[in-house]
Amino acid sequence: MSEVYTAERLLVWDQPKGMRRYFSLHAGQHEIGEMFWPRWLSDEAVATVRGRSWRMRRLGFFRRNAEAVPVDGGPVARFEQRMRGDGPITIGEDRYDWQLRSVWRSEYALIDPNGMEVLHVRFRPGIFRQSAELRVPPWATEHRHLALLVAFVFYLASMRQQDTAAAAAAS
């Protein structure tokens, strides 16, 4: 998929093979990252974007919070989920707001401290394979935490999609 908009940049997380917990991140025709879950029934994932790697996992008794710890050192990202599933993401002193944008929990937005949208995530429907589009406004393409945020917000959205599917299957 080669789509570059004049107003924003499109990134796509795609699951090449259904039933495998592996995703590749594409910017146009170029693969710029990957995310995989080393163990099948685990919430812990490993993501690499533009040469930087993080381990991501859920925290707490109800597994509502999450963190992304860099493999090679650097700032840690933390997410504290509110009742609706949204909440703040902190990276060092920087604080972002992770927001649900649709009733069906298929669209999310990441808002910076100035109220500007840094990322917009939309899951694409699929039967056996997941994919998601991330839209990055032009001003955010050089954001210092962009690689970490691209990986972490996809992890959070994937975990939310997994929780929603599990709840639907249990009812």
# chains A, B, ... in the order shown; residues from 1 in each chain; ligands from 1
call {"tool": "residues_around", "arguments": {"residues": "Ala66 of chain A", "least_positions_apart": "5", "cutoff": "6 Å", "atoms": "only C-alpha atoms", "output": "count of residues only"}}
result
5
call {"tool": "select_by_dssp", "arguments": {"residues": "segment 6-143 of chain A", "states": "strand (DSSP E or B)", "output": "ChimeraX atom specification"}}
result
/A:9-14,22-27,30-36,45-49,52-59,65-70,77-79,87-91,94-100,107-111,117-124,131-136
call {"tool": "residues_around", "arguments": {"residues": "segment 148-164 of chain A", "least_positions_apart": "5", "cutoff": "8 Å", "atoms": "only C-alpha atoms", "output": "number ranges by chain"}}
result
A: 13, 35, 43, 45, 47-49, 54, 56, 66, 68, 77, 85, 105-106, 108, 110, 119, 121, 132, 134
call {"tool": "residues_around", "arguments": {"residues": "Trp37 of chain A", "least_positions_apart": "5", "cutoff": "8 Å", "atoms": "only C-alpha atoms", "output": "ChimeraX atom specification"}}
result
/A:21-22,42-46
call {"tool": "closest_residue", "arguments": {"among": "A:Arg129, A:Arg144, A:Pro113, A:Gln81", "to": "Phe23 of chain A", "atoms": "only C-alpha atoms"}}
result
A:Arg129
call {"tool": "closest_residue", "arguments": {"among": "A:Leu41, A:Phe62, A:His26, A:Arg55", "to": "Val76 of chain A", "atoms": "only C-alpha atoms"}}
result
A:Arg55
